[in-house]
Amino acid sequence: MTGVLREPLVDPDSRAWLDALRGAPAVRERAVARLHALLLRAARFELTRRDLPPAELDDLATQAADDALVAVLAKLDTFRGRSRFTTWAYKFAILEAAVLSRRRAWRDREVRLDDREWSALQPTAQEVLEDAEVLAIVRDTLRDRMTAHQRRVFTALALDGVPIDVLAERMACTRGALYKTLHDARRKLRAAVEEAT
Amino acid sequence: MTPERETLRGLLGPAEPEIGCEECFELVDEYVEAELAGRDADGRVPGMRAHLEGCPACREEYESLRALTDPPD
């Protein structure tokens with residue numbers, strides 16, 4: 001016994017997974033193989049929803065399943081039984097597969113991170129925002145009320161459509177930190193739009 | 001809602017309180033199972049719905065998890 005707390009809410013199937021993954025070496029080895037197969041299925045499911053060549057799909061699915069297996073085993077003691085173990089494990093494979101696939105889609109694309117003049121973005125923004133009055137508010141707020149970092153992040157994520165995990169990789173930060181920046185930028189924009197309308 | 005308003009809402013994000021990406025990942029399995037069981041998912045995980053509206057990446061992953069977990073009829 002490792003001193004790990006028993007999760008009181010865990011259903012019998014999930015309990016069986018946990019016991020096997022914490023079991024004797026032979027039992028654990030079989031459970032890890034079954035878990036890897038489960039994660040591979042989830043990764044393939046996620047990648048099949050995207051337009052990928054079959055050979056590349058297999059490679060990415062295997063890589064995603066391998067990475068997810070490491071993550072699941074590392075976080076096993078955080079499983080609290082608020083969902084079934086399989087659903088909990090699936091999300092790791094889906095995350096890994098989605099991130100790999102988005103990065104692959106953007107691998108040859110430049111992500112501009114310079115603090116551009118908002119006026120230079122007007123044609124792009126005009127396609128997004130049909131309302132000229134709102135566009136003016138957005139432009140003024142970006143220029144006057146946001147930091148350069150907020151402008152860069154908002155422009156990349158909300159206007160240029162860069163996936164958040166691609167941007168996180170290029171900026172060497174976390175997805176959560178970027179979303180917080182986007183959230184704060186949006187809050188300023190909403191306040192400005194509300195003030196003006 | 002007109003397409004323009006919808007686009008604007010997408011750009012400005014949800015006005016409602018929302019959780020972040022890390023919390024979304026932590027709770028998405030519970031949220032999906034609550035939804036599929038017909039329980040009050042938004043009551044159990046407040047702020048999840050708004051986050052899924054505002055974060056396309058988390059939304060994609062939620063949709064995949066839900067589709068994978070939802071048993072076929």
# chains A, B, ... in the order shown; residues from 1 in each chain; ligands from 1
$ closest_atom_pairs --of "chain A" --to "chain B" --cutoff "6 Å" --atoms "only C-alpha atoms" --output "Markdown table"
| residue | atom | partner | partner_atom | distance |
| --- | --- | --- | --- | --- |
| A:Arg82 | CA | B:Glu30 | CA | 5.7 |
| A:Ser83 | CA | B:Glu30 | CA | 5.0 |
| A:Thr87 | CA | B:Asp29 | CA | 5.9 |
| A:Trp88 | CA | B:Asp29 | CA | 5.6 |
| A:Ala158 | CA | B:Leu11 | CA | 5.9 |
| A:Gly176 | CA | B:Cys21 | CA | 5.1 |
| A:Arg186 | CA | B:Leu12 | CA | 5.0 |
$ select_by_dssp --residues "chain B" --states "helix (DSSP H, G or I)" --output "PDB file with C-alpha atoms, in the first residue's frame"
ATOM      1  CA  PRO B   3     -24.450  36.712 -38.122  1.00  0.00           C
ATOM      2  CA  GLU B   4     -22.734  40.052 -37.435  1.00  0.00           C
ATOM      3  CA  ARG B   5     -23.812  40.001 -33.802  1.00  0.00           C
ATOM      4  CA  GLU B   6     -22.721  36.405 -33.512  1.00  0.00           C
ATOM      5  CA  THR B   7     -19.295  37.278 -34.960  1.00  0.00           C
ATOM      6  CA  LEU B   8     -19.012  40.198 -32.587  1.00  0.00           C
ATOM      7  CA  ARG B   9     -19.912  37.995 -29.639  1.00  0.00           C
ATOM      8  CA  GLY B  10     -17.244  35.526 -30.741  1.00  0.00           C
ATOM      9  CA  LEU B  11     -14.677  38.293 -30.904  1.00  0.00           C
ATOM     10  CA  LEU B  12     -15.594  39.909 -27.611  1.00  0.00           C
ATOM     11  CA  CYS B  21      -8.347  26.381 -19.751  1.00  0.00           C
ATOM     12  CA  GLU B  22      -6.692  24.392 -16.941  1.00  0.00           C
ATOM     13  CA  GLU B  23      -9.898  24.159 -14.933  1.00  0.00           C
ATOM     14  CA  CYS B  24     -11.780  23.266 -18.084  1.00  0.00           C
ATOM     15  CA  PHE B  25      -9.436  20.339 -18.709  1.00  0.00           C
ATOM     16  CA  GLU B  26      -9.713  19.253 -15.092  1.00  0.00           C
ATOM     17  CA  LEU B  27     -13.518  19.199 -15.133  1.00  0.00           C
ATOM     18  CA  VAL B  28     -14.520  18.442 -18.725  1.00  0.00           C
ATOM     19  CA  ASP B  29     -14.938  14.696 -18.114  1.00  0.00           C
ATOM     20  CA  GLU B  30     -17.316  15.330 -15.222  1.00  0.00           C
ATOM     21  CA  TYR B  31     -19.194  17.913 -17.293  1.00  0.00           C
ATOM     22  CA  VAL B  32     -19.581  15.601 -20.303  1.00  0.00           C
ATOM     23  CA  GLU B  33     -20.839  12.702 -18.208  1.00  0.00           C
ATOM     24  CA  ALA B  34     -23.323  14.947 -16.402  1.00  0.00           C
ATOM     25  CA  GLU B  35     -24.628  16.179 -19.747  1.00  0.00           C
ATOM     26  CA  LEU B  36     -24.959  12.694 -21.179  1.00  0.00           C
ATOM     27  CA  ALA B  41     -23.950  19.922 -15.998  1.00  0.00           C
ATOM     28  CA  ASP B  42     -23.894  23.727 -15.842  1.00  0.00           C
ATOM     29  CA  GLY B  43     -24.935  23.644 -12.200  1.00  0.00           C
ATOM     30  CA  ARG B  44     -22.180  21.160 -11.390  1.00  0.00           C
ATOM     31  CA  MET B  48     -17.798  25.781 -18.200  1.00  0.00           C
ATOM     32  CA  ARG B  49     -20.439  26.707 -20.782  1.00  0.00           C
ATOM     33  CA  ALA B  50     -19.089  30.256 -21.099  1.00  0.00           C
ATOM     34  CA  HIS B  51     -15.524  28.997 -21.432  1.00  0.00           C
ATOM     35  CA  LEU B  52     -16.470  26.556 -24.180  1.00  0.00           C
ATOM     36  CA  GLU B  53     -18.095  29.447 -25.987  1.00  0.00           C
ATOM     37  CA  GLY B  54     -14.988  31.612 -25.684  1.00  0.00           C
ATOM     38  CA  PRO B  56     -12.266  27.253 -29.620  1.00  0.00           C
ATOM     39  CA  ALA B  57      -9.534  24.773 -28.630  1.00  0.00           C
ATOM     40  CA  CYS B  58     -11.277  23.663 -25.440  1.00  0.00           C
ATOM     41  CA  ARG B  59     -14.544  23.543 -27.364  1.00  0.00           C
ATOM     42  CA  GLU B  60     -13.052  21.160 -29.949  1.00  0.00           C
ATOM     43  CA  GLU B  61     -11.697  18.875 -27.249  1.00  0.00           C
ATOM     44  CA  TYR B  62     -14.980  18.906 -25.339  1.00  0.00           C
ATOM     45  CA  GLU B  63     -16.891  18.007 -28.511  1.00  0.00           C
ATOM     46  CA  SER B  64     -14.521  15.121 -29.220  1.00  0.00           C
ATOM     47  CA  LEU B  65     -14.783  13.787 -25.676  1.00  0.00           C
ATOM     48  CA  ARG B  66     -18.535  14.026 -25.755  1.00  0.00           C
ATOM     49  CA  ALA B  67     -18.765  12.281 -29.146  1.00  0.00           C
ATOM     50  CA  LEU B  68     -16.377   9.564 -28.037  1.00  0.00           C
ATOM     51  CA  THR B  69     -18.167   8.980 -24.751  1.00  0.00           C
TER      52      THR B  69
END
$ residues_around --residues "Leu100 (chain A)" --least-positions-apart "2" --cutoff "10 Å" --atoms "only C-alpha atoms" --output "list in words"
Leu47, Leu60, Ala61, Gln63, Ala64, Ile94, Leu95, Glu96, Ala97, Ala98, Arg102, Arg103, Arg104, Ala105, Asp165 and Val166 of chain A
$ atom_distance --atom1 "CA of Tyr90 (chain A)" --atom2 "CA of Leu167 (chain A)"
24.2 Å
$ closest_residue --among "A:Val162, A:Leu35, A:Ala93, A:Val138" --to "Arg107 (chain A)" --atoms "only C-alpha atoms"
A:Val162
$ closest_residue --among "A:His183, A:Arg80, A:Arg41, A:Arg152" --to "Thr62 (chain A)" --atoms "only C-alpha atoms"
A:Arg41
$ residues_around --residues "Ala156 (chain A)" --least-positions-apart "2" --cutoff "10 Å" --atoms "only C-alpha atoms" --output "PyMOL selection string"
chain A and resi 111-114+150-154+158-164+167+182
$ closest_residue --among "A:Val193, A:Leu73, A:Ala89, A:Val10" --to "Leu38 (chain A)" --atoms "only C-alpha atoms"
A:Ala89
$ atom_distance --atom1 "CA of Leu21 (chain A)" --atom2 "CA of Ala43 (chain A)"
20.5 Å
$ decode --residues "region 10-59 of chain B" --atoms "N, CA and C atoms" --output "PDB file, in the first residue's frame"
ATOM      1  N   GLY B  10     -18.405  36.411 -30.701  1.00  0.00           N
ATOM      2  CA  GLY B  10     -17.244  35.526 -30.741  1.00  0.00           C
ATOM      3  C   GLY B  10     -15.952  36.281 -30.496  1.00  0.00           C
ATOM      4  N   LEU B  11     -15.880  37.479 -31.049  1.00  0.00           N
ATOM      5  CA  LEU B  11     -14.677  38.293 -30.904  1.00  0.00           C
ATOM      6  C   LEU B  11     -14.532  38.842 -29.479  1.00  0.00           C
ATOM      7  N   LEU B  12     -15.641  39.296 -28.943  1.00  0.00           N
ATOM      8  CA  LEU B  12     -15.594  39.909 -27.611  1.00  0.00           C
ATOM      9  C   LEU B  12     -15.677  38.876 -26.488  1.00  0.00           C
ATOM     10  N   GLY B  13     -16.042  37.662 -26.846  1.00  0.00           N
ATOM     11  CA  GLY B  13     -16.074  36.596 -25.838  1.00  0.00           C
ATOM     12  C   GLY B  13     -17.335  36.638 -25.001  1.00  0.00           C
ATOM     13  N   PRO B  14     -17.515  35.611 -24.188  1.00  0.00           N
ATOM     14  CA  PRO B  14     -18.720  35.536 -23.360  1.00  0.00           C
ATOM     15  C   PRO B  14     -18.691  36.581 -22.246  1.00  0.00           C
ATOM     16  N   ALA B  15     -19.829  37.174 -21.991  1.00  0.00           N
ATOM     17  CA  ALA B  15     -19.891  38.170 -20.913  1.00  0.00           C
ATOM     18  C   ALA B  15     -20.042  37.491 -19.548  1.00  0.00           C
ATOM     19  N   GLU B  16     -20.494  36.251 -19.563  1.00  0.00           N
ATOM     20  CA  GLU B  16     -20.744  35.546 -18.302  1.00  0.00           C
ATOM     21  C   GLU B  16     -19.411  35.119 -17.663  1.00  0.00           C
ATOM     22  N   PRO B  17     -19.414  34.912 -16.346  1.00  0.00           N
ATOM     23  CA  PRO B  17     -18.188  34.416 -15.692  1.00  0.00           C
ATOM     24  C   PRO B  17     -17.785  33.066 -16.275  1.00  0.00           C
ATOM     25  N   GLU B  18     -16.485  32.870 -16.458  1.00  0.00           N
ATOM     26  CA  GLU B  18     -16.028  31.613 -17.051  1.00  0.00           C
ATOM     27  C   GLU B  18     -14.799  31.084 -16.330  1.00  0.00           C
ATOM     28  N   ILE B  19     -14.613  29.785 -16.446  1.00  0.00           N
ATOM     29  CA  ILE B  19     -13.407  29.174 -15.895  1.00  0.00           C
ATOM     30  C   ILE B  19     -12.281  29.299 -16.931  1.00  0.00           C
ATOM     31  N   GLY B  20     -11.059  28.933 -16.560  1.00  0.00           N
ATOM     32  CA  GLY B  20      -9.925  28.994 -17.478  1.00  0.00           C
ATOM     33  C   GLY B  20      -9.675  27.645 -18.140  1.00  0.00           C
ATOM     34  N   CYS B  21      -8.636  27.608 -18.989  1.00  0.00           N
ATOM     35  CA  CYS B  21      -8.347  26.381 -19.751  1.00  0.00           C
ATOM     36  C   CYS B  21      -7.940  25.215 -18.836  1.00  0.00           C
ATOM     37  N   GLU B  22      -7.134  25.492 -17.810  1.00  0.00           N
ATOM     38  CA  GLU B  22      -6.692  24.392 -16.941  1.00  0.00           C
ATOM     39  C   GLU B  22      -7.866  23.786 -16.190  1.00  0.00           C
ATOM     40  N   GLU B  23      -8.733  24.649 -15.675  1.00  0.00           N
ATOM     41  CA  GLU B  23      -9.898  24.159 -14.933  1.00  0.00           C
ATOM     42  C   GLU B  23     -10.850  23.423 -15.872  1.00  0.00           C
ATOM     43  N   CYS B  24     -10.939  23.926 -17.085  1.00  0.00           N
ATOM     44  CA  CYS B  24     -11.780  23.266 -18.084  1.00  0.00           C
ATOM     45  C   CYS B  24     -11.284  21.839 -18.314  1.00  0.00           C
ATOM     46  N   PHE B  25      -9.979  21.687 -18.489  1.00  0.00           N
ATOM     47  CA  PHE B  25      -9.436  20.339 -18.709  1.00  0.00           C
ATOM     48  C   PHE B  25      -9.692  19.450 -17.489  1.00  0.00           C
ATOM     49  N   GLU B  26      -9.539  20.032 -16.318  1.00  0.00           N
ATOM     50  CA  GLU B  26      -9.713  19.253 -15.092  1.00  0.00           C
ATOM     51  C   GLU B  26     -11.148  18.733 -14.952  1.00  0.00           C
ATOM     52  N   LEU B  27     -12.117  19.511 -15.418  1.00  0.00           N
ATOM     53  CA  LEU B  27     -13.518  19.199 -15.133  1.00  0.00           C
ATOM     54  C   LEU B  27     -14.323  18.721 -16.335  1.00  0.00           C
ATOM     55  N   VAL B  28     -13.724  18.707 -17.515  1.00  0.00           N
ATOM     56  CA  VAL B  28     -14.520  18.442 -18.725  1.00  0.00           C
ATOM     57  C   VAL B  28     -15.110  17.030 -18.732  1.00  0.00           C
ATOM     58  N   ASP B  29     -14.410  16.066 -18.149  1.00  0.00           N
ATOM     59  CA  ASP B  29     -14.938  14.696 -18.114  1.00  0.00           C
ATOM     60  C   ASP B  29     -16.190  14.619 -17.243  1.00  0.00           C
ATOM     61  N   GLU B  30     -16.145  15.290 -16.100  1.00  0.00           N
ATOM     62  CA  GLU B  30     -17.316  15.330 -15.222  1.00  0.00           C
ATOM     63  C   GLU B  30     -18.483  16.041 -15.921  1.00  0.00           C
ATOM     64  N   TYR B  31     -18.166  17.121 -16.600  1.00  0.00           N
ATOM     65  CA  TYR B  31     -19.194  17.913 -17.293  1.00  0.00           C
ATOM     66  C   TYR B  31     -19.871  17.085 -18.392  1.00  0.00           C
ATOM     67  N   VAL B  32     -19.053  16.405 -19.197  1.00  0.00           N
ATOM     68  CA  VAL B  32     -19.581  15.601 -20.303  1.00  0.00           C
ATOM     69  C   VAL B  32     -20.477  14.478 -19.767  1.00  0.00           C
ATOM     70  N   GLU B  33     -20.024  13.800 -18.735  1.00  0.00           N
ATOM     71  CA  GLU B  33     -20.839  12.702 -18.208  1.00  0.00           C
ATOM     72  C   GLU B  33     -22.150  13.215 -17.612  1.00  0.00           C
ATOM     73  N   ALA B  34     -22.087  14.370 -16.960  1.00  0.00           N
ATOM     74  CA  ALA B  34     -23.323  14.947 -16.402  1.00  0.00           C
ATOM     75  C   ALA B  34     -24.297  15.282 -17.529  1.00  0.00           C
ATOM     76  N   GLU B  35     -23.768  15.856 -18.599  1.00  0.00           N
ATOM     77  CA  GLU B  35     -24.628  16.179 -19.747  1.00  0.00           C
ATOM     78  C   GLU B  35     -25.267  14.923 -20.323  1.00  0.00           C
ATOM     79  N   LEU B  36     -24.455  13.911 -20.536  1.00  0.00           N
ATOM     80  CA  LEU B  36     -24.959  12.694 -21.179  1.00  0.00           C
ATOM     81  C   LEU B  36     -25.947  11.953 -20.277  1.00  0.00           C
ATOM     82  N   ALA B  37     -25.819  12.142 -18.975  1.00  0.00           N
ATOM     83  CA  ALA B  37     -26.743  11.497 -18.042  1.00  0.00           C
ATOM     84  C   ALA B  37     -27.988  12.345 -17.810  1.00  0.00           C
ATOM     85  N   GLY B  38     -28.054  13.512 -18.451  1.00  0.00           N
ATOM     86  CA  GLY B  38     -29.217  14.388 -18.282  1.00  0.00           C
ATOM     87  C   GLY B  38     -29.219  15.127 -16.956  1.00  0.00           C
ATOM     88  N   ARG B  39     -28.055  15.159 -16.293  1.00  0.00           N
ATOM     89  CA  ARG B  39     -27.968  15.920 -15.044  1.00  0.00           C
ATOM     90  C   ARG B  39     -27.638  17.385 -15.350  1.00  0.00           C
ATOM     91  N   ASP B  40     -27.678  18.201 -14.314  1.00  0.00           N
ATOM     92  CA  ASP B  40     -27.453  19.638 -14.487  1.00  0.00           C
ATOM     93  C   ASP B  40     -25.945  19.925 -14.583  1.00  0.00           C
ATOM     94  N   ALA B  41     -25.399  19.769 -15.807  1.00  0.00           N
ATOM     95  CA  ALA B  41     -23.950  19.922 -15.998  1.00  0.00           C
ATOM     96  C   ALA B  41     -23.506  21.347 -15.670  1.00  0.00           C
ATOM     97  N   ASP B  42     -24.300  22.335 -16.085  1.00  0.00           N
ATOM     98  CA  ASP B  42     -23.894  23.727 -15.842  1.00  0.00           C
ATOM     99  C   ASP B  42     -23.972  24.087 -14.361  1.00  0.00           C
ATOM    100  N   GLY B  43     -24.862  23.436 -13.648  1.00  0.00           N
ATOM    101  CA  GLY B  43     -24.935  23.644 -12.200  1.00  0.00           C
ATOM    102  C   GLY B  43     -23.745  23.006 -11.497  1.00  0.00           C
ATOM    103  N   ARG B  44     -23.309  21.863 -12.012  1.00  0.00           N
ATOM    104  CA  ARG B  44     -22.180  21.160 -11.390  1.00  0.00           C
ATOM    105  C   ARG B  44     -20.854  21.850 -11.696  1.00  0.00           C
ATOM    106  N   VAL B  45     -20.755  22.401 -12.907  1.00  0.00           N
ATOM    107  CA  VAL B  45     -19.497  23.052 -13.308  1.00  0.00           C
ATOM    108  C   VAL B  45     -19.811  24.463 -13.801  1.00  0.00           C
ATOM    109  N   PRO B  46     -20.063  25.392 -12.892  1.00  0.00           N
ATOM    110  CA  PRO B  46     -20.374  26.758 -13.319  1.00  0.00           C
ATOM    111  C   PRO B  46     -19.195  27.370 -14.090  1.00  0.00           C
ATOM    112  N   GLY B  47     -19.503  28.089 -15.127  1.00  0.00           N
ATOM    113  CA  GLY B  47     -18.463  28.753 -15.908  1.00  0.00           C
ATOM    114  C   GLY B  47     -17.921  27.919 -17.056  1.00  0.00           C
ATOM    115  N   MET B  48     -18.287  26.633 -17.112  1.00  0.00           N
ATOM    116  CA  MET B  48     -17.798  25.781 -18.200  1.00  0.00           C
ATOM    117  C   MET B  48     -18.429  26.188 -19.526  1.00  0.00           C
ATOM    118  N   ARG B  49     -19.739  26.383 -19.529  1.00  0.00           N
ATOM    119  CA  ARG B  49     -20.439  26.707 -20.782  1.00  0.00           C
ATOM    120  C   ARG B  49     -19.851  27.970 -21.410  1.00  0.00           C
ATOM    121  N   ALA B  50     -19.638  28.995 -20.575  1.00  0.00           N
ATOM    122  CA  ALA B  50     -19.089  30.256 -21.099  1.00  0.00           C
ATOM    123  C   ALA B  50     -17.673  30.036 -21.639  1.00  0.00           C
ATOM    124  N   HIS B  51     -16.889  29.224 -20.948  1.00  0.00           N
ATOM    125  CA  HIS B  51     -15.524  28.997 -21.432  1.00  0.00           C
ATOM    126  C   HIS B  51     -15.536  28.266 -22.777  1.00  0.00           C
ATOM    127  N   LEU B  52     -16.404  27.304 -22.915  1.00  0.00           N
ATOM    128  CA  LEU B  52     -16.470  26.556 -24.180  1.00  0.00           C
ATOM    129  C   LEU B  52     -16.920  27.462 -25.323  1.00  0.00           C
ATOM    130  N   GLU B  53     -17.674  28.478 -24.974  1.00  0.00           N
ATOM    131  CA  GLU B  53     -18.095  29.447 -25.987  1.00  0.00           C
ATOM    132  C   GLU B  53     -16.921  30.353 -26.388  1.00  0.00           C
ATOM    133  N   GLY B  54     -16.062  30.643 -25.432  1.00  0.00           N
ATOM    134  CA  GLY B  54     -14.988  31.612 -25.684  1.00  0.00           C
ATOM    135  C   GLY B  54     -13.673  31.009 -26.133  1.00  0.00           C
ATOM    136  N   CYS B  55     -13.500  29.698 -25.957  1.00  0.00           N
ATOM    137  CA  CYS B  55     -12.198  29.072 -26.259  1.00  0.00           C
ATOM    138  C   CYS B  55     -12.384  27.970 -27.300  1.00  0.00           C
ATOM    139  N   PRO B  56     -12.043  28.249 -28.560  1.00  0.00           N
ATOM    140  CA  PRO B  56     -12.266  27.253 -29.620  1.00  0.00           C
ATOM    141  C   PRO B  56     -11.517  25.933 -29.396  1.00  0.00           C
ATOM    142  N   ALA B  57     -10.313  26.004 -28.828  1.00  0.00           N
ATOM    143  CA  ALA B  57      -9.534  24.773 -28.630  1.00  0.00           C
ATOM    144  C   ALA B  57     -10.213  23.873 -27.591  1.00  0.00           C
ATOM    145  N   CYS B  58     -10.601  24.461 -26.470  1.00  0.00           N
ATOM    146  CA  CYS B  58     -11.277  23.663 -25.440  1.00  0.00           C
ATOM    147  C   CYS B  58     -12.615  23.149 -25.971  1.00  0.00           C
ATOM    148  N   ARG B  59     -13.262  23.959 -26.784  1.00  0.00           N
ATOM    149  CA  ARG B  59     -14.544  23.543 -27.364  1.00  0.00           C
ATOM    150  C   ARG B  59     -14.355  22.289 -28.248  1.00  0.00           C
TER     151      ARG B  59
END
